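*Asks:* The structure is given below, and queries will be raised subsequently.
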Amino acid sequence: MYSVELRGATKRYPGAGAEPVVALDDVDFAVEPGEFVAVVGPSGSGKSTLLNVLGLLDDPTDGWRLLDGTDVTELTVGERTAARKESIGFVFQDFHLLPTLTAVENVALPTAFDPGDASDRAADLLGRFGLGDRLDHEPSELSGGQKQRVAIARSLINEPAVLLADEPTGNLDTETGESILAEFERVKEEGVAVVAVTHDPLVEEYADRVVELTDGVLEGGIPGRDPPAEGPSDRDADAALRPGER
Ligand SMILES: Nc1ncnc2c1ncn2[C@@H]1O[C@H](COP(=O)(O)OP(=O)(O)OP(=O)(O)O)[C@@H](O)[C@H]1O
Ligand SMILES: [Mg+2]
């Protein structure tokens, strides 16, 4: 069973002018537990939209969405929020840290654990990201890369089944980026499905699979499905996998 799965997902934004923007165009995508997928593609190709839809932060215009094999398309807003808090860790492209909370408070914020335990765990996570001496700093007192690491620590506080990260190494030097990726490997080995949007070749190196978005179209989002129709053998494989013929 996949940790997270999209079927025929389309996201259309009403255009300011005549034409709506098709940010996702009939996307099939699935990630297994313990798999690390990198999503690449040019600016505006729909990468953040894909993460938002996967992470239940935004709804597709059409299509199905499954979390741990359960169809979440028909959930109420409240049920969806609960499912998101329970199962999904999210690292935003622009961090979304609360400016009036300290690092350790930001990390502990989404937690379902009791507050004392949560700040211990938050401090522990921050320590793992080299921020043990910045626990009580507010975001305005942190560098860009430090804020990014606080955001990554926060995404892990609830031990999510799915970790979604938008440019997680975007502001980091190689060494710090590698320490983040090592942490992603560790959670991946614990069975977490990790999806990272990236322009960083290092992230692609760590990933089990790299998929590319072009103008909202995603090729090869589900391994073994929709292979490129090249030789006759590929066409046979494609036919063998067509729904209804399986
Ligand atoms: N709320 C919105 N309303 C209208 N159009 C939007 C909205 N959000 C995104 N878009 C459009 O959808 C397309 C995909 O945007 P998205 O943010 O997913 O791109 P991206 O691949 O993450 O780009 P980048 O690499 O620059 O972060 C873009 O053309 C963008 O202008
Ligand atoms: Mg983006």
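Ordering of the structure tokens sets the chain letters (A, B, ...), residue numbers begin anew at 1 in every chain, and ligands are numbered from 1 in the order given.
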With a cut-off of 12 Å, could you pull out the residues of chain A touching ligand 2 and give me the nearest pair of atoms for each, distance in Å to one decimal, using only C-alpha atoms and all ligand atoms, ordered by chain and ascending number, as a Markdown table?
*Replies:*
| residue | atom | partner | partner_atom_place_in_ligand_line | distance |
| --- | --- | --- | --- | --- |
| A:Ala23 | CA | ligand 2 | 1 (Mg) | 11.1 |
| A:Val39 | CA | ligand 2 | 1 (Mg) | 10.7 |
| A:Val40 | CA | ligand 2 | 1 (Mg) | 10.2 |
| A:Gly41 | CA | ligand 2 | 1 (Mg) | 9.7 |
| A:Pro42 | CA | ligand 2 | 1 (Mg) | 9.3 |
| A:Ser43 | CA | ligand 2 | 1 (Mg) | 6.8 |
| A:Gly44 | CA | ligand 2 | 1 (Mg) | 7.0 |
| A:Ser45 | CA | ligand 2 | 1 (Mg) | 8.3 |
| A:Gly46 | CA | ligand 2 | 1 (Mg) | 7.1 |
| A:Lys47 | CA | ligand 2 | 1 (Mg) | 5.5 |
| A:Ser48 | CA | ligand 2 | 1 (Mg) | 4.1 |
| A:Thr49 | CA | ligand 2 | 1 (Mg) | 7.3 |
| A:Leu50 | CA | ligand 2 | 1 (Mg) | 9.1 |
| A:Leu51 | CA | ligand 2 | 1 (Mg) | 8.9 |
| A:Asn52 | CA | ligand 2 | 1 (Mg) | 9.8 |
| A:Val91 | CA | ligand 2 | 1 (Mg) | 11.6 |
| A:Phe92 | CA | ligand 2 | 1 (Mg) | 9.0 |
| A:Gln93 | CA | ligand 2 | 1 (Mg) | 6.6 |
| A:Asp94 | CA | ligand 2 | 1 (Mg) | 9.4 |
| A:Ala165 | CA | ligand 2 | 1 (Mg) | 10.4 |
| A:Asp166 | CA | ligand 2 | 1 (Mg) | 6.8 |
| A:Glu167 | CA | ligand 2 | 1 (Mg) | 8.0 |
| A:Pro168 | CA | ligand 2 | 1 (Mg) | 11.4 |
| A:Gly170 | CA | ligand 2 | 1 (Mg) | 11.3 |
| A:Ala196 | CA | ligand 2 | 1 (Mg) | 11.0 |
| A:Val197 | CA | ligand 2 | 1 (Mg) | 7.8 |
| A:Thr198 | CA | ligand 2 | 1 (Mg) | 9.1 |
| A:His199 | CA | ligand 2 | 1 (Mg) | 10.5 |
| A:Leu213 | CA | ligand 2 | 1 (Mg) | 11.6 |
*Asks:* For the residues in that selection, give me C-alpha atoms as a short mmCIF file (atom, residue, chain, number, x, y, z; two decimals), in the first residue's frame.
*Replies:*
data_model
loop_
_atom_site.label_atom_id
_atom_site.label_comp_id
_atom_site.auth_asym_id
_atom_site.auth_seq_id
_atom_site.Cartn_x
_atom_site.Cartn_y
_atom_site.Cartn_z
CA ALA A 23 -1.06 23.97 -12.16
CA VAL A 39 10.37 16.35 -7.50
CA VAL A 40 12.12 18.62 -9.99
CA GLY A 41 10.91 21.03 -12.65
CA PRO A 42 11.14 24.66 -13.70
CA SER A 43 9.72 27.54 -11.67
CA GLY A 44 5.94 27.64 -12.05
CA SER A 45 5.68 23.99 -13.17
CA GLY A 46 3.44 23.09 -10.21
CA LYS A 47 5.86 21.63 -7.64
CA SER A 48 4.56 23.55 -4.61
CA THR A 49 1.00 22.93 -5.77
CA LEU A 50 1.74 19.20 -5.94
CA LEU A 51 3.08 19.22 -2.37
CA ASN A 52 0.13 21.26 -1.10
CA VAL A 91 8.40 22.00 5.35
CA PHE A 92 7.26 25.14 3.55
CA GLN A 93 9.30 26.88 0.89
CA ASP A 94 9.24 30.03 3.08
CA ALA A 165 9.51 19.34 1.98
CA ASP A 166 9.65 22.28 -0.42
CA GLU A 167 13.30 23.05 -1.22
CA PRO A 168 14.56 21.69 2.13
CA GLY A 170 17.56 25.67 -0.58
CA ALA A 196 11.18 16.78 -1.54
CA VAL A 197 10.83 19.48 -4.17
CA THR A 198 14.32 20.52 -5.15
CA HIS A 199 16.77 22.16 -7.50
CA LEU A 213 6.98 18.23 -13.55
#
*Asks:* Among region 3-172 of chain A, which ones does DSSP assign to helix (DSSP H, G or I) (computed from the backbone)? Answer as a PyMOL selection string.
*Replies:* chain A and resi 47-54+77-87+103-108+115-128+139-141+144-156
*Asks:* With C-alpha atoms retained, write the just-selected residues as a tab-separated table (two decimals), in the first residue's frame.
*Replies:*
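Dumped everything to again_14.tsv:
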chain	number	residue	atom	x	y	z
A	47	LYS	CA	5.86	21.63	-7.64
A	48	SER	CA	4.56	23.55	-4.61
A	49	THR	CA	1.00	22.93	-5.77
A	50	LEU	CA	1.74	19.20	-5.94
A	51	LEU	CA	3.08	19.22	-2.37
A	52	ASN	CA	0.13	21.26	-1.10
A	53	VAL	CA	-2.34	18.86	-2.69
A	54	LEU	CA	-0.42	15.81	-1.40
A	77	VAL	CA	-12.54	19.91	6.52
A	78	GLY	CA	-12.23	18.90	10.19
A	79	GLU	CA	-11.45	15.27	9.39
A	80	ARG	CA	-8.90	16.34	6.82
A	81	THR	CA	-7.18	18.67	9.27
A	82	ALA	CA	-7.00	15.83	11.80
A	83	ALA	CA	-5.56	13.46	9.18
A	84	ARG	CA	-3.02	16.08	8.16
A	85	LYS	CA	-1.87	16.72	11.73
A	86	GLU	CA	-1.60	13.02	12.45
A	87	SER	CA	0.13	11.85	9.30
A	103	ALA	CA	12.87	28.03	18.04
A	104	VAL	CA	11.94	25.34	20.54
A	105	GLU	CA	8.36	26.67	20.84
A	106	ASN	CA	7.99	26.70	17.06
A	107	VAL	CA	9.13	23.09	16.84
A	108	ALA	CA	6.85	21.95	19.68
A	115	PRO	CA	3.81	20.25	26.59
A	116	GLY	CA	6.76	19.24	28.82
A	117	ASP	CA	7.53	16.14	26.77
A	118	ALA	CA	7.07	18.13	23.58
A	119	SER	CA	9.71	20.71	24.43
A	120	ASP	CA	12.17	17.97	25.34
A	121	ARG	CA	11.56	16.30	22.02
A	122	ALA	CA	11.71	19.65	20.23
A	123	ALA	CA	15.03	20.45	21.92
A	124	ASP	CA	16.34	17.02	20.98
A	125	LEU	CA	15.36	17.50	17.32
A	126	LEU	CA	16.91	20.97	17.21
A	127	GLY	CA	20.08	19.49	18.69
A	128	ARG	CA	20.22	16.92	15.92
A	139	PRO	CA	13.12	33.54	14.08
A	140	SER	CA	14.27	37.16	13.63
A	141	GLU	CA	17.42	36.21	15.55
A	144	GLY	CA	17.92	31.80	6.85
A	145	GLY	CA	19.48	28.35	7.03
A	146	GLN	CA	18.82	28.12	10.77
A	147	LYS	CA	15.15	29.03	10.25
A	148	GLN	CA	14.99	26.34	7.61
A	149	ARG	CA	16.34	23.77	10.06
A	150	VAL	CA	13.79	24.86	12.68
A	151	ALA	CA	11.06	24.31	10.07
A	152	ILE	CA	12.43	20.84	9.30
A	153	ALA	CA	12.60	19.94	13.00
A	154	ARG	CA	8.99	21.08	13.39
A	155	SER	CA	7.90	18.89	10.48
A	156	LEU	CA	9.22	15.82	12.32
*Asks:* Looking at only C-alpha atoms and all ligand atoms, which of A:Thr10, A:Ser179, A:Ser3, A:Thr100 is the one that sits closest to ligand 1?
*Replies:*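 The answer is A:Thr10, which sits nearest to ligand 1.
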*Asks:* Which value, in Å to one decimal, gives the distance between CA of Gly8 (chain A) and CA of Phe29 (chain A)?
*Replies:* 8.7 Å
*Asks:* Could you find all residues in region 76-174 of chain A that DSSP calls strand (DSSP E) from the backbone, and write them as a ChimeraX atom specification?
*Replies:* /A:88-91,162-166
*Asks:* Hey, can you check how far CA of Ala182 (chain A) sits from atom 17 (O, counted along the ligand's line) of ligand 1?
*Replies:*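 Distance between the two atoms: 26.7 Å.
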